$ cat model34.txt   # compact mmCIF, C-alpha atoms (C1' of nucleotides)
# COMPACT_ATOMS: atom_id res chain seq x y z
CA MET A 202 0.00 0.00 0.00
CA GLU A 203 2.81 2.32 0.94
CA THR A 204 5.20 0.83 -1.58
CA TRP A 205 5.09 3.81 -3.86
CA LYS A 206 7.06 5.94 -1.41
CA GLU A 207 10.01 3.57 -1.65
CA PHE A 208 10.97 5.48 -4.78
CA GLU A 209 11.76 8.56 -2.73
CA ALA A 210 13.60 6.47 -0.18
CA ASN A 211 15.93 4.99 -2.79
CA GLU A 212 19.53 4.99 -1.64
CA LEU A 213 20.80 6.76 -4.75
CA THR A 214 19.01 9.35 -6.85
CA HIS A 215 19.52 9.20 -10.58
CA SER A 216 21.60 12.35 -10.39
CA ALA A 217 23.77 11.05 -7.57
CA ALA A 218 24.34 7.75 -9.36
CA HIS A 219 25.57 9.55 -12.47
CA HIS A 220 27.86 11.79 -10.50
CA LEU A 221 29.50 8.65 -9.12
CA LEU A 222 29.70 7.12 -12.58
CA ALA A 223 31.21 10.31 -13.97
CA ILE A 224 33.88 10.35 -11.27
CA TYR A 225 34.62 6.71 -12.02
CA GLU A 226 34.80 7.37 -15.74
CA VAL A 227 37.08 10.41 -15.45
CA GLY A 228 39.13 8.62 -12.81
CA LEU A 229 39.99 5.82 -15.23
CA GLU A 230 42.42 8.17 -16.95
CA TYR A 231 43.68 9.99 -13.87
CA GLY A 232 44.32 7.29 -11.31
CA GLY A 233 40.92 7.52 -9.72
CA TRP A 234 40.94 11.30 -9.35
CA ALA A 235 38.59 13.76 -11.00
CA ARG A 236 38.10 17.51 -10.93
CA VAL A 237 34.82 19.37 -10.62
CA SER A 238 35.06 20.65 -14.18
CA ASP A 239 35.79 17.17 -15.53
CA ILE A 240 32.69 15.85 -13.85
CA ALA A 241 30.70 18.79 -15.14
CA ARG A 242 31.92 18.20 -18.68
CA GLU A 243 31.20 14.47 -18.42
CA LEU A 244 27.63 15.12 -17.25
CA ASN A 245 27.13 18.21 -19.38
CA ILE A 246 25.99 20.35 -16.45
CA THR A 247 27.59 23.46 -14.95
CA ARG A 248 30.51 23.44 -12.54
CA GLY A 249 28.27 25.19 -10.04
CA SER A 250 25.80 22.33 -10.01
CA VAL A 251 28.56 19.78 -9.56
CA SER A 252 30.11 21.81 -6.77
CA ILE A 253 26.86 21.87 -4.85
CA ASN A 254 26.00 18.25 -5.54
CA LEU A 255 29.41 17.03 -4.41
CA ARG A 256 28.81 18.62 -1.03
CA ALA A 257 25.90 16.23 -0.43
CA LEU A 258 27.80 13.24 -1.84
CA LYS A 259 30.73 13.98 0.47
CA LYS A 260 28.47 14.37 3.47
CA ARG A 261 26.94 10.97 2.76
CA GLY A 262 30.30 9.34 2.32
CA TRP A 263 30.22 8.47 -1.38
CA VAL A 264 33.14 10.69 -2.39
CA GLU A 265 36.24 12.21 -0.84
CA THR A 266 38.33 15.26 -1.74
CA ASP A 267 41.89 16.34 -1.07
CA GLU A 268 43.19 19.82 -0.30
CA HIS A 269 43.49 20.65 -4.01
CA HIS A 270 39.80 20.06 -4.73
CA MET A 271 40.57 16.73 -6.30
CA VAL A 272 37.68 14.29 -6.05
CA LYS A 273 37.65 10.50 -5.80
CA LEU A 274 35.16 7.80 -4.91
CA SER A 275 35.25 6.47 -1.37
CA PRO A 276 35.26 2.66 -1.04
CA LYS A 277 31.52 2.92 -0.44
CA GLY A 278 31.18 5.10 -3.54
CA GLN A 279 33.19 2.63 -5.61
CA LYS A 280 30.94 -0.22 -4.59
CA ALA A 281 27.86 1.83 -5.39
CA ALA A 282 29.19 2.87 -8.81
CA GLN A 283 30.16 -0.71 -9.60
CA ALA A 284 26.72 -1.97 -8.64
CA VAL A 285 25.00 0.64 -10.79
CA MET A 286 27.18 -0.15 -13.80
CA ALA A 287 26.60 -3.85 -13.42
CA LYS A 288 22.85 -3.46 -13.10
CA LYS A 289 22.72 -1.24 -16.14
CA ALA A 290 24.84 -3.64 -18.15
CA VAL A 291 22.85 -6.72 -17.29
CA VAL A 292 19.50 -4.99 -17.86
CA LYS A 293 20.66 -3.58 -21.16
CA THR A 294 21.93 -6.95 -22.31
CA PHE A 295 18.69 -8.62 -21.30
CA LEU A 296 16.63 -6.02 -23.14
CA SER A 297 18.62 -6.04 -26.35
CA SER A 298 19.76 -9.67 -26.53
CA VAL A 299 16.80 -11.53 -25.09
CA LEU A 300 13.84 -9.22 -25.63
CA ASN A 301 15.27 -7.87 -28.90
CA VAL A 302 14.59 -4.29 -27.91
CA PRO A 303 16.47 -1.91 -30.25
CA GLU A 304 19.95 -1.00 -29.00
CA LEU A 305 19.22 2.69 -28.36
CA GLN A 306 15.99 1.97 -26.52
CA ALA A 307 17.73 -0.64 -24.40
CA GLU A 308 20.39 1.93 -23.58
CA ILE A 309 17.82 4.54 -22.54
CA ASP A 310 15.63 2.17 -20.52
CA SER A 311 18.51 0.53 -18.68
CA CYS A 312 19.96 3.94 -17.89
CA LYS A 313 16.65 5.03 -16.37
CA VAL A 314 16.31 2.06 -14.04
CA GLU A 315 19.94 1.20 -13.30
CA HIS A 316 19.95 2.84 -9.85
CA LEU A 317 16.50 1.55 -8.88
CA ILE A 318 17.08 -2.18 -9.27
CA SER A 319 17.50 -3.91 -5.92
CA GLN A 320 20.41 -6.19 -5.20
CA PRO A 321 18.31 -9.41 -5.16
CA THR A 322 16.66 -8.54 -8.46
CA GLY A 323 19.97 -7.64 -10.05
CA GLU A 324 21.53 -10.86 -8.88
CA GLN A 325 18.66 -12.98 -10.14
CA LEU A 326 18.83 -11.30 -13.52
CA VAL A 327 22.55 -12.06 -13.63
CA HIS A 328 21.77 -15.69 -12.85
CA PHE A 329 19.15 -15.77 -15.56
CA MET A 330 21.48 -14.33 -18.17
CA ARG A 331 24.25 -16.65 -17.07
CA PHE A 332 21.86 -19.56 -17.51
CA LEU A 333 20.94 -18.40 -20.98
CA VAL A 334 24.58 -18.45 -22.08
CA SER A 335 25.53 -21.50 -20.04
CA GLY A 336 25.66 -23.64 -23.16
CA ASP A 337 22.51 -25.44 -22.17
CA PRO A 338 21.02 -26.37 -25.55
CA LEU A 339 17.59 -25.75 -24.14
CA ALA A 340 18.48 -22.14 -23.50
CA LYS A 341 19.68 -21.63 -27.08
CA GLN A 342 16.58 -23.25 -28.46
CA VAL A 343 14.29 -21.20 -26.35
CA LEU A 344 15.89 -17.91 -27.39
CA ALA A 345 15.63 -18.90 -31.02
CA ARG A 346 12.02 -19.96 -30.64
CA PHE A 347 11.11 -16.75 -28.86
CA LYS A 348 12.33 -14.78 -31.86
CA ASN A 349 10.01 -16.81 -34.08
CA PHE A 350 7.20 -16.62 -31.57
CA HIS A 351 7.50 -12.88 -31.58
CA ASP A 352 7.20 -12.68 -35.34
CA GLN A 353 4.25 -15.04 -35.38
CA CYS A 354 2.52 -13.84 -32.23
CA PRO A 355 -1.16 -13.32 -33.14
CA GLU A 356 -1.17 -10.22 -30.96
CA SER A 357 1.94 -8.89 -32.64
CA LYS A 358 0.21 -6.18 -34.58
CA THR A 359 -2.27 -4.96 -32.02
CA CYS A 360 -0.17 -5.63 -28.97
CA GLU A 361 0.23 -2.59 -26.75
CA VAL A 362 1.43 -2.72 -23.21
CA CYS A 363 -2.03 -1.97 -21.89
CA HIS A 364 -2.86 -5.52 -22.91
CA GLY A 365 -0.46 -6.62 -20.25
CA HIS A 366 -3.19 -6.29 -17.71
CA CYS A 367 -5.22 -9.18 -19.06
CA LEU A 368 -1.98 -11.03 -19.67
CA ILE A 369 -1.50 -11.15 -15.94
CA GLU A 370 -4.67 -13.18 -15.60
CA GLU A 371 -3.41 -15.53 -18.29
CA LEU A 372 -0.18 -15.89 -16.39
CA GLN A 373 -1.98 -16.75 -13.19
CA HIS A 374 -4.21 -19.28 -14.90
CA ALA A 375 -1.09 -20.90 -16.24
CA GLY A 376 -0.05 -21.36 -12.61
CA LEU A 377 3.12 -19.49 -13.27
CA MET B 231 26.68 10.18 -24.01
CA GLU B 232 23.67 12.31 -23.17
CA THR B 233 21.41 9.40 -22.41
CA TRP B 234 21.42 9.99 -18.69
CA LYS B 235 19.36 13.16 -19.07
CA GLU B 236 16.50 11.16 -20.55
CA PHE B 237 15.51 10.37 -16.98
CA GLU B 238 14.57 13.99 -16.38
CA ALA B 239 12.79 14.13 -19.70
CA ASN B 240 10.54 11.19 -18.84
CA GLU B 241 6.93 11.86 -19.73
CA LEU B 242 5.63 10.98 -16.26
CA THR B 243 7.35 11.50 -12.94
CA HIS B 244 6.92 8.82 -10.31
CA SER B 245 4.71 11.17 -8.32
CA ALA B 246 2.55 12.06 -11.30
CA ALA B 247 2.12 8.41 -12.24
CA HIS B 248 0.88 7.55 -8.77
CA HIS B 249 -1.52 10.46 -8.73
CA LEU B 250 -3.06 9.05 -11.89
CA LEU B 251 -3.16 5.55 -10.41
CA ALA B 252 -4.79 6.88 -7.25
CA ILE B 253 -7.49 8.65 -9.23
CA TYR B 254 -8.07 5.45 -11.19
CA GLU B 255 -8.24 3.39 -8.00
CA VAL B 256 -10.64 5.72 -6.20
CA GLY B 257 -12.65 6.14 -9.37
CA LEU B 258 -13.38 2.41 -9.52
CA GLU B 259 -15.86 2.86 -6.69
CA TYR B 260 -17.24 6.24 -7.72
CA GLY B 261 -17.82 6.00 -11.46
CA GLY B 262 -14.45 7.37 -12.38
CA TRP B 263 -14.63 10.38 -10.08
CA ALA B 264 -12.36 11.15 -7.18
CA ARG B 265 -12.01 13.96 -4.65
CA VAL B 266 -8.80 15.65 -3.57
CA SER B 267 -9.03 14.14 -0.10
CA ASP B 268 -9.63 10.65 -1.49
CA ILE B 269 -6.49 10.94 -3.58
CA ALA B 270 -4.59 12.30 -0.60
CA ARG B 271 -5.75 9.40 1.57
CA GLU B 272 -4.88 6.88 -1.14
CA LEU B 273 -1.35 8.29 -1.51
CA ASN B 274 -0.94 9.12 2.16
CA ILE B 275 0.07 12.70 1.50
CA THR B 276 -1.66 15.96 2.48
CA ARG B 277 -4.62 17.47 0.67
CA GLY B 278 -2.50 20.55 0.07
CA SER B 279 0.09 18.58 -1.87
CA VAL B 280 -2.57 16.90 -3.97
CA SER B 281 -4.25 20.21 -4.67
CA ILE B 282 -1.03 21.70 -5.96
CA ASN B 283 0.01 18.62 -7.91
CA LEU B 284 -3.37 18.37 -9.62
CA ARG B 285 -2.86 21.86 -11.01
CA ALA B 286 0.11 20.62 -13.01
CA LEU B 287 -1.64 17.42 -14.05
CA LYS B 288 -4.63 19.41 -15.29
CA LYS B 289 -2.42 21.83 -17.17
CA ARG B 290 -0.77 18.93 -18.96
CA GLY B 291 -4.06 17.29 -19.81
CA TRP B 292 -3.90 14.14 -17.68
CA VAL B 293 -6.89 14.99 -15.49
CA GLU B 294 -10.08 17.04 -15.65
CA THR B 295 -12.26 18.58 -12.96
CA ASP B 296 -15.88 19.69 -12.79
CA GLU B 297 -17.31 22.71 -11.02
CA HIS B 298 -17.62 20.78 -7.73
CA HIS B 299 -13.89 20.00 -7.50
CA MET B 300 -14.51 16.45 -8.63
CA VAL B 301 -11.53 14.95 -10.43
CA LYS B 302 -11.33 12.35 -13.20
CA LEU B 303 -8.76 11.08 -15.65
CA SER B 304 -8.85 12.51 -19.15
CA PRO B 305 -8.71 9.97 -21.99
CA LYS B 306 -4.99 10.69 -22.19
CA GLY B 307 -4.70 10.18 -18.43
CA GLN B 308 -6.58 6.90 -18.62
CA LYS B 309 -4.23 5.61 -21.28
CA ALA B 310 -1.22 6.65 -19.26
CA ALA B 311 -2.53 5.04 -16.07
CA GLN B 312 -3.37 1.85 -17.95
CA ALA B 313 0.10 1.71 -19.46
CA VAL B 314 1.77 2.22 -16.07
CA MET B 315 -0.34 -0.48 -14.43
CA ALA B 316 0.37 -2.91 -17.23
CA LYS B 317 4.10 -2.27 -17.15
CA LYS B 318 4.20 -2.71 -13.41
CA ALA B 319 2.19 -5.92 -13.61
CA VAL B 320 4.29 -7.51 -16.30
CA VAL B 321 7.58 -6.52 -14.67
CA LYS B 322 6.41 -7.78 -11.30
CA THR B 323 5.28 -11.07 -12.78
CA PHE B 324 8.56 -11.48 -14.61
CA LEU B 325 10.56 -10.76 -11.46
CA SER B 326 8.62 -13.04 -9.15
CA SER B 327 7.60 -15.86 -11.52
CA VAL B 328 10.61 -16.12 -13.79
CA LEU B 329 13.49 -14.70 -11.78
CA ASN B 330 12.06 -15.99 -8.49
CA VAL B 331 12.59 -12.66 -6.76
CA PRO B 332 10.65 -12.59 -3.46
CA GLU B 333 7.13 -11.19 -3.80
CA LEU B 334 7.71 -8.03 -1.74
CA GLN B 335 10.95 -7.19 -3.53
CA ALA B 336 9.27 -7.71 -6.90
CA GLU B 337 6.51 -5.38 -5.78
CA ILE B 338 8.98 -2.68 -4.73
CA ASP B 339 11.20 -2.94 -7.79
CA SER B 340 8.36 -3.00 -10.28
CA CYS B 341 6.79 0.00 -8.57
CA LYS B 342 10.03 1.94 -8.88
CA VAL B 343 10.44 1.36 -12.61
CA GLU B 344 6.84 1.12 -13.79
CA HIS B 345 6.71 4.66 -15.19
CA LEU B 346 10.20 4.51 -16.74
CA ILE B 347 9.76 1.50 -19.01
CA SER B 348 9.35 2.50 -22.64
CA GLN B 349 6.51 1.22 -24.77
CA PRO B 350 8.72 -1.03 -26.95
CA THR B 351 10.40 -2.58 -23.93
CA GLY B 352 7.10 -3.13 -22.18
CA GLU B 353 5.63 -4.74 -25.26
CA GLN B 354 8.58 -7.04 -25.73
CA LEU B 355 8.41 -8.13 -22.12
CA VAL B 356 4.73 -8.90 -22.62
CA HIS B 357 5.61 -10.98 -25.65
CA PHE B 358 8.27 -12.79 -23.71
CA MET B 359 5.93 -13.61 -20.83
CA ARG B 360 3.24 -14.67 -23.26
CA PHE B 361 5.72 -16.98 -24.90
CA LEU B 362 6.67 -18.48 -21.56
CA VAL B 363 3.05 -19.39 -20.84
CA SER B 364 2.15 -20.23 -24.41
CA GLY B 365 2.11 -23.92 -23.60
CA ASP B 366 5.31 -24.48 -25.54
CA PRO B 367 6.90 -27.41 -23.68
CA LEU B 368 10.31 -25.88 -24.26
CA ALA B 369 9.27 -22.84 -22.26
CA LYS B 370 8.11 -24.95 -19.33
CA GLN B 371 11.28 -26.98 -19.36
CA VAL B 372 13.47 -23.95 -19.48
CA LEU B 373 11.78 -22.33 -16.50
CA ALA B 374 12.13 -25.52 -14.51
CA ARG B 375 15.75 -25.91 -15.46
CA PHE B 376 16.53 -22.31 -14.56
CA LYS B 377 15.28 -22.97 -11.04
CA ASN B 378 17.71 -25.87 -10.78
CA PHE B 379 20.49 -23.92 -12.42
CA HIS B 380 20.04 -21.20 -9.90
CA ASP B 381 20.39 -23.61 -6.99
CA GLN B 382 23.44 -25.22 -8.55
CA CYS B 383 25.06 -22.13 -10.00
CA PRO B 384 28.73 -22.21 -8.91
CA GLU B 385 28.60 -18.47 -8.39
CA SER B 386 25.44 -18.77 -6.33
CA LYS B 387 27.08 -18.08 -3.01
CA THR B 388 29.50 -15.35 -3.98
CA CYS B 389 27.40 -13.78 -6.68
CA GLU B 390 26.88 -10.07 -6.24
CA VAL B 391 25.65 -7.82 -8.94
CA CYS B 392 29.06 -6.29 -9.39
CA HIS B 393 29.98 -9.57 -11.05
CA GLY B 394 27.59 -8.61 -13.77
CA HIS B 395 30.27 -6.53 -15.36
CA CYS B 396 32.40 -9.49 -16.30
CA LEU B 397 29.24 -11.36 -17.19
CA ILE B 398 28.76 -8.95 -20.01
CA GLU B 399 32.00 -10.10 -21.59
CA GLU B 400 30.83 -13.69 -21.24
CA LEU B 401 27.61 -12.74 -22.96
CA GLN B 402 29.45 -11.13 -25.85
CA HIS B 403 31.74 -14.11 -26.29
CA ALA B 404 28.68 -16.28 -26.46
CA GLY B 405 27.63 -14.16 -29.43
CA LEU B 406 24.41 -13.34 -27.71
C1' DG C 37 -29.53 29.83 13.24
C1' DA C 38 -25.26 28.52 15.44
C1' DC C 39 -21.61 25.27 16.02
C1' DA C 40 -18.62 21.76 14.62
C1' DC C 41 -16.70 18.92 10.78
C1' DT C 42 -15.12 18.09 6.19
C1' DT C 43 -13.09 19.70 2.26
C1' DG C 44 -10.19 22.38 -0.98
C1' DT C 45 -6.84 26.12 -1.34
C1' DT C 46 -3.17 29.01 -0.02
C1' DT C 47 1.02 30.25 2.34
C1' DG C 48 5.59 29.67 4.10
C1' DG C 49 9.00 26.27 4.84
C1' DT C 50 12.31 22.30 3.46
C1' DA C 51 14.92 19.48 0.20
C1' DT C 52 16.81 18.22 -4.41
C1' DG C 53 18.72 19.56 -8.75
C1' DT C 54 19.30 22.46 -12.36
C1' DC C 55 20.80 27.31 -14.52
C1' DA C 56 23.30 31.88 -15.23
C1' DA C 57 26.19 35.12 -13.49
C1' DA C 58 29.39 37.10 -10.34
C1' DC C 59 33.43 36.18 -7.68
C1' DA C 60 38.03 34.65 -5.97
C1' DT C 61 41.88 32.16 -6.67
C1' DA C 62 45.12 29.31 -9.11
C1' DA C 63 47.59 28.14 -13.32
C1' DA C 64 49.41 29.27 -17.81
C1' DA C 65 50.93 32.45 -21.34
C1' DA C 66 52.59 36.82 -22.75
C1' DT D 2 55.66 40.30 -14.11
C1' DT D 3 51.57 41.14 -15.90
C1' DT D 4 47.71 39.38 -18.19
C1' DT D 5 44.73 35.98 -19.51
C1' DT D 6 42.51 31.75 -18.85
C1' DA D 7 40.82 27.95 -16.12
C1' DT D 8 38.82 26.39 -12.06
C1' DG D 9 35.89 26.10 -7.89
C1' DT D 10 32.43 28.44 -5.12
C1' DT D 11 28.62 31.28 -4.16
C1' DT D 12 24.38 33.64 -5.16
C1' DG D 13 19.71 34.23 -6.79
C1' DA D 14 16.51 32.08 -9.66
C1' DC D 15 13.31 28.32 -11.16
C1' DA D 16 10.93 23.68 -11.07
C1' DT D 17 9.35 19.61 -8.57
C1' DA D 18 7.40 17.65 -4.49
C1' DC D 19 6.55 17.26 -0.07
C1' DC D 20 4.97 19.31 4.93
C1' DA D 21 2.31 22.00 8.51
C1' DA D 22 -0.73 25.46 9.40
C1' DA D 23 -3.99 28.95 8.41
C1' DC D 24 -8.02 29.98 5.83
C1' DA D 25 -12.49 29.85 3.23
C1' DA D 26 -16.46 27.52 1.90
C1' DG D 27 -19.56 24.13 2.11
C1' DT D 28 -22.09 20.09 5.04
C1' DG D 29 -24.18 18.41 8.87
C1' DT D 30 -26.20 18.34 13.46
C1' DC D 31 -28.31 20.12 17.26

$ encode --input "model34.txt" --output "structure tokens"
Amino acid sequence: METWKEFEANELTHSAAHHLLAIYEVGLEYGGWARVSDIARELNITRGSVSINLRALKKRGWVETDEHHMVKLSPKGQKAAQAVMAKKAVVKTFLSSVLNVPELQAEIDSCKVEHLISQPTGEQLVHFMRFLVSGDPLAKQVLARFKNFHDQCPESKTCEVCHGHCLIEELQHAGL
Amino acid sequence: METWKEFEANELTHSAAHHLLAIYEVGLEYGGWARVSDIARELNITRGSVSINLRALKKRGWVETDEHHMVKLSPKGQKAAQAVMAKKAVVKTFLSSVLNVPELQAEIDSCKVEHLISQPTGEQLVHFMRFLVSGDPLAKQVLARFKNFHDQCPESKTCEVCHGHCLIEELQHAGL
DNA sequence: GACACTTGTTTGGTATGTCAAACATAAAAA
DNA sequence: TTTTTATGTTTGACATACCAAACAAGTGTC
């Protein structure tokens, strides 16, 4: 009932997550260190915004700075950035490789949800993808058949997501 | 490069989506109509917040009001609410029934991403779920085998989502 | 009719996250 | 050394989204 407020309570905001990713990205070329203007350039926002945002990220222990304004991820920040990247990657791969969602759309969608996926869900999706590439012939077959199914699906032409609602009943009838 | 800003550009905010859902929910018992205080009670926020938020929703054409402050979804708002509900439902079902994510976690995760899933992605996920319950024996087998795989997965104990990063390389090698 | 209750709106406050513009300082070029 | 440029911070502004509290306008009861 109250689940909808969990969104607000999410550990990382989208903005915060991308600040961490930007620091990680810039840091790759500078031994883990980044400057405010690098981060701003990476995110395409102003230095002022980054300056203010970093204050909050520091206070919450995601990033650290030295006396020359150099910024790096804290261990906690590294873990968080790593988790976000992994979730994005696995979601994007699932969308584009299994669901056959166009590359760009998969990129956009995975980027939107990357920081919202819980650890258990992320892990299970990793398992699922690992299973699908495990060499199990069944997995290969099923992916191939889904591609065909999609092309032949009687609902293919009319199918909009709003149909998903009745689908749920179908799914429950199927005892799934 | 600029993909991360798509989050801000999303058609519906999380808050807006749940206002629409609340109006829909309340409306079920009152012929489609809802009052500010009903919506506030449903969302567990103050009437003042709802009053202000409805102004924006009206301006953008998601909701309409009559002269007695009664609120209902516009056709556009109905479509949007329907789409959000469907996306949430199909994601939740996928998480809990295919990935075996615990019910509550599936509820939370699907609620967080429901309004962020694009139409193509939602549709493809519907197709995928439909395929999995299509009666195709392959689909049944594969779901059963994934459950086993999960229990036997060598990474099962150590697996954290951060491992997903290397997984992606695996996936690419597999030509997936 | 008078009083209390419900309802919707408004106001002032907080918090996040962006901008532009002004500012101070540090680094590089002349 | 002086000047220019680059960098980081601060300020005032705007937008979203919440709160509490005050307020106005109906609704109901006695």

$ closest_residue --input "model34.txt" --among "C:DA64, C:DT45, C:DT54, C:DC59" --to "Val251 (chain A)" --atoms "all atoms listed in the file"
C:DT54

$ atom_distance --input "model34.txt" --atom1 "CA of Lys317 (chain B)" --atom2 "CA of Glu344 (chain B)"
5.5 Å

$ residues_around --input "model34.txt" --residues "DA56 (chain C)" --least-positions-apart "2" --cutoff "12 Å" --atoms "all atoms listed in the file" --output "list in words"
Ile246, Thr247, Arg248, Gly249 and Ser250 of chain A; DT54 and DA58 of chain C; DT12, DG13, DA14 and DC15 of chain D

$ closest_atom_pairs --input "model34.txt" --of "chain B" --to "chain C" --cutoff "12 Å" --atoms "only C-alpha atoms (C1' of nucleotides)" --output "tab-separated table"
residue	atom	partner	partner_atom	distance
B:Lys235	CA	C:DT54	C1'	11.5
B:Glu238	CA	C:DG53	C1'	10.3
B:Arg265	CA	C:DT43	C1'	9.0
B:Val266	CA	C:DG44	C1'	7.3
B:Ser267	CA	C:DT43	C1'	7.3
B:Asp268	CA	C:DT43	C1'	10.4
B:Ala270	CA	C:DG44	C1'	11.5
B:Thr276	CA	C:DG44	C1'	11.2
B:Arg277	CA	C:DG44	C1'	7.6
B:Gly278	CA	C:DT45	C1'	7.2
B:Ser279	CA	C:DT45	C1'	10.3
B:Val280	CA	C:DG44	C1'	9.9
B:Ser281	CA	C:DT45	C1'	7.3
B:Ile282	CA	C:DT45	C1'	8.6
B:Leu284	CA	C:DG44	C1'	11.7
B:Arg285	CA	C:DT45	C1'	11.3
B:His298	CA	C:DG44	C1'	10.2
B:His299	CA	C:DG44	C1'	7.9
B:Met300	CA	C:DG44	C1'	10.6

$ closest_atom_pairs --input "model34.txt" --of "chain B" --to "chain A" --cutoff "7 Å" --atoms "all atoms listed in the file" --output "Markdown table"
| residue | atom | partner | partner_atom | distance |
| --- | --- | --- | --- | --- |
| B:Thr233 | CA | A:Ile309 | CA | 6.0 |
| B:Trp234 | CA | A:Cys312 | CA | 6.3 |
| B:Phe237 | CA | A:Lys313 | CA | 5.5 |
| B:Gln312 | CA | A:Cys363 | CA | 5.6 |
| B:Ala313 | CA | A:Cys363 | CA | 4.9 |
| B:Ala316 | CA | A:Gly365 | CA | 4.9 |
| B:Lys317 | CA | A:Val362 | CA | 6.6 |
| B:Ala319 | CA | A:His366 | CA | 6.8 |
| B:Val320 | CA | A:Gly365 | CA | 6.2 |
| B:Ser327 | CA | A:Leu377 | CA | 6.0 |
| B:Leu329 | CA | A:Gln325 | CA | 5.7 |
| B:Val331 | CA | A:Thr322 | CA | 6.0 |
| B:Ile338 | CA | A:Thr204 | CA | 6.0 |
| B:Asp339 | CA | A:Ile318 | CA | 6.1 |
| B:Cys341 | CA | A:Trp205 | CA | 6.3 |
| B:Lys342 | CA | A:Phe208 | CA | 5.5 |
| B:Val343 | CA | A:Val314 | CA | 6.1 |
| B:Leu346 | CA | A:Lys313 | CA | 6.5 |
| B:Ile347 | CA | A:Asp310 | CA | 6.1 |
| B:Ser348 | CA | A:Asp310 | CA | 6.6 |
| B:Gln349 | CA | A:Val362 | CA | 6.6 |
| B:Pro350 | CA | A:Val302 | CA | 6.8 |
| B:Thr351 | CA | A:Val302 | CA | 6.0 |
| B:Gly352 | CA | A:Val362 | CA | 5.8 |
| B:Glu353 | CA | A:Val362 | CA | 5.1 |
| B:Gln354 | CA | A:Leu300 | CA | 5.7 |
| B:Leu355 | CA | A:Leu300 | CA | 6.6 |
| B:Val356 | CA | A:Gly365 | CA | 6.1 |
| B:His357 | CA | A:His351 | CA | 6.5 |
| B:Phe358 | CA | A:Leu300 | CA | 6.9 |
| B:Phe361 | CA | A:Phe347 | CA | 6.7 |
| B:Val363 | CA | A:Ala375 | CA | 6.4 |
| B:Leu368 | CA | A:Val343 | CA | 6.5 |
| B:Ala369 | CA | A:Val343 | CA | 6.7 |
| B:Val372 | CA | A:Leu339 | CA | 6.5 |
| B:Phe376 | CA | A:Phe332 | CA | 6.7 |
| B:Phe379 | CA | A:Phe332 | CA | 6.8 |
| B:His380 | CA | A:His328 | CA | 6.5 |
| B:Cys389 | CA | A:Glu324 | CA | 6.9 |
| B:Glu390 | CA | A:Glu324 | CA | 6.0 |
| B:Val391 | CA | A:Glu324 | CA | 5.1 |
| B:Cys392 | CA | A:Ala284 | CA | 5.0 |
| B:Gly394 | CA | A:Ala287 | CA | 4.9 |
| B:His395 | CA | A:Ala287 | CA | 4.9 |
| B:Ile398 | CA | A:Ala290 | CA | 6.9 |
| B:Leu401 | CA | A:Val334 | CA | 6.5 |
| B:Ala404 | CA | A:Val334 | CA | 6.4 |
| B:Leu406 | CA | A:Ser298 | CA | 6.0 |

$ closest_atom_pairs --input "model34.txt" --of "chain D" --to "chain A" --cutoff "8 Å" --atoms "all atoms listed in the file" --output "CSV"
residue,atom,partner,partner_atom,distance
D:DT8,C1',A:Ser238,CA,7.2
D:DG9,C1',A:Ser252,CA,7.3
D:DT10,C1',A:Ser252,CA,7.2

$ atom_distance --input "model34.txt" --atom1 "CA of His345 (chain B)" --atom2 "CA of Ala246 (chain B)"
9.3 Å

$ axis_aligned_box --input "model34.txt" --around "region 8-26 of chain D" --padding-each-side "4 Å" --output "AutoDock Vina command-line options"
--center_x 11.2 --center_y 25.7 --center_z -1.3 --size_x 63.3 --size_y 25.0 --size_z 29.5

$ atom_distance --input "model34.txt" --atom1 "CA of Lys288 (chain B)" --atom2 "CA of Ala210 (chain A)"
27.0 Å
